[in-house]
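Taking it in order: structure first as structure tokens, then the write-up.
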Amino acid sequence: MSIRAFLERSEAYILGVIEDRLHGFWAGVLRVFLRALSLIFHVLVQFRLWLYRTGIFRPHALGCQVISIGNLTVGGTGKTPIVEVFARTLQQSGRKVAILSRGYRKEEDPFLTRLWRRLTFDVQESPPRVVSDGRHLLLDSAMSGDEPFMLAQNLPEVAVIVDANRVKAGKYAVKKLGCDTLILDDGFQYLHLKHRLDIVLVDRTNPFGNRRLLPRGILREPISNINRAGFIFITKSNGDGAAELKQTLRRHNPHAEISECRHSAKYLQDIYTKERAPLDYLKGLPVAAVSGIASPKGFEDELVRLGARVLYHKRYADHHRYTQLEIIDVINKGLQRGAKIVVTTEKDAVRFPMLERRDLPLYFLRVEIEMLTGAEEFRAWINRICFK
């Protein structure tokens, strides 16, 4: 078994323990251990927040608009489409926008190189990675990470910069690229850079998991800390009003504006030829599905809702980087079951390798944010947030 396969299986096992899907002696022992770690993590999170609130730690101010879009939990809340629509709207309104991302699971420099830089305090030799300068796409998904690359592809006039140090990335965006508006992707917990506004996303289908902090649960910080948010998006909404969830949010944050949105499928696109197909193409169509995302069931359920007959599905760990053999295996399994196409998510598509031969066409499902109050109201709402 390869190291990558071992790590992915370990991650799947731990997730099963956290979500109480796995039982037995060792799962019980692990849960006790994770609960103890969660208590320690809770203390550290709150202590760090106290250091910033009391001014012992001071955030950096870059003299421009900084908007943080993040969440309380790990996993898929549908953040990337929200970041995309905010950046596009701001750019179309005349702002020079840069998205600052950590670039989760991007390809890193060799360990010895990184260690030497730390030992010598050499920060000049490691400038941030510019995925896009707002004119040209400069890096691939391996060097930038899945979400930053996808954002750079879909936002040709928006800069996308990747670095764990978002202060350094922000300075680069302002000084080198002339940006006046910074969007912190997954920035709610990044307190080192001063935010003008915090937007927090809450997943309607799984708002807080088991309400425990990492590593026993999926919370990055206590639910009460959502009181820092200026605006709250309830994502993946089904239009029922989410009264109980809103009541919980209001109890912890009485001042934030709360809005509901959902992720709406728009079309299919061939990963390699870029040819698009309407959603009606899926009706009654036998398909094979493959994904490496935090919430694969939602993707598969959406295919079924659109009328597809999912004859085979393969799930990989979140951010899985595919090999040619893995994609060929999915194609072969799909053919054996009578599938006519392979469908994946847009985030997965950026990690697909080139294939010389494709016995089935491979498409991704393009998904965009749809505000339940309507597109015009949403644009006015963003303008009110960002230009008031």
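To be explicit about the labels: the chains of the structure tokens are called A, B, and onward in the order shown, and within each one the residues are counted from 1, while ligands get numbers from 1 in the order they are shown.
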Using only C-alpha atoms, tabulate the residues of region 17-103 of chain A lying at most 6 Å from any atom of region 162-184 of chain A, each with its closest atom pair and that distance in Å to one decimal, by chain and increasing residue number, as CSV.
residue,atom,partner,partner_atom,distance
A:Cys64,CA,A:Asp180,CA,5.4
A:Gln65,CA,A:Thr181,CA,4.7
A:Val66,CA,A:Leu182,CA,4.8
A:Ile67,CA,A:Ile183,CA,4.9
A:Ser68,CA,A:Leu184,CA,4.5
A:Lys96,CA,A:Cys179,CA,4.7
A:Val97,CA,A:Thr181,CA,4.9
A:Ala98,CA,A:Leu182,CA,5.0
A:Ile99,CA,A:Ile183,CA,4.8
A:Leu100,CA,A:Leu184,CA,5.0
A:Ser101,CA,A:Val162,CA,4.9
A:Arg102,CA,A:Ala164,CA,4.6
A:Gly103,CA,A:Val162,CA,5.5
Restricted to C-alpha atoms, what would the selected residues look like written as a PDB file, in the first residue's frame?
ATOM      1  CA  CYS A  64      -7.360  48.533   1.795  1.00  0.00           C
ATOM      2  CA  GLN A  65     -10.662  46.711   1.889  1.00  0.00           C
ATOM      3  CA  VAL A  66     -10.286  43.202   3.363  1.00  0.00           C
ATOM      4  CA  ILE A  67     -13.256  40.825   3.290  1.00  0.00           C
ATOM      5  CA  SER A  68     -13.020  37.417   4.940  1.00  0.00           C
ATOM      6  CA  LYS A  96      -9.132  45.703  -8.344  1.00  0.00           C
ATOM      7  CA  VAL A  97      -9.594  42.403  -6.534  1.00  0.00           C
ATOM      8  CA  ALA A  98      -7.190  39.768  -5.260  1.00  0.00           C
ATOM      9  CA  ILE A  99      -8.187  36.490  -3.642  1.00  0.00           C
ATOM     10  CA  LEU A 100      -5.771  35.343  -0.940  1.00  0.00           C
ATOM     11  CA  SER A 101      -5.763  31.616  -0.294  1.00  0.00           C
ATOM     12  CA  ARG A 102      -3.691  29.254   1.779  1.00  0.00           C
ATOM     13  CA  GLY A 103      -3.690  26.774  -1.096  1.00  0.00           C
TER      14      GLY A 103
END
Interatomic distance (Å, one decimal) between CA of Leu362 (chain A) and CA of Val342 (chain A):
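These two atoms are separated by 4.8 Å.
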Do a neighbour search on region 256-272 of chain A at 6 Å with only C-alpha atoms, toss out local chain neighbours closer than 3 positions, and write the hits as a ChimeraX atom specification.
/A:230-237,275-279,362-372
Enumerate as a PyMOL selection string all residues of region 173-247 of chain A assigned to strand (DSSP E or B) by DSSP on the backbone, naming them with the chain letters and numbers the document uses.
chain A and resi 181-185+193+197-203+213+219+231-235
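The neighbours of region 26-38 of chain A here are the residues that come within 12 Å of it, using only C-alpha atoms and leaving out any residue fewer than 6 positions away in the same chain; they are Tyr13, Ile14, Leu15, Gly16, Val17, Ile18, Glu19, Asp20, Leu44, Val45, Asn210, Arg211, Arg212, Leu213, Leu214, Pro215, Arg216, Gly217, Ile218, Leu219, Arg220, Glu221 and Pro222 of chain A.
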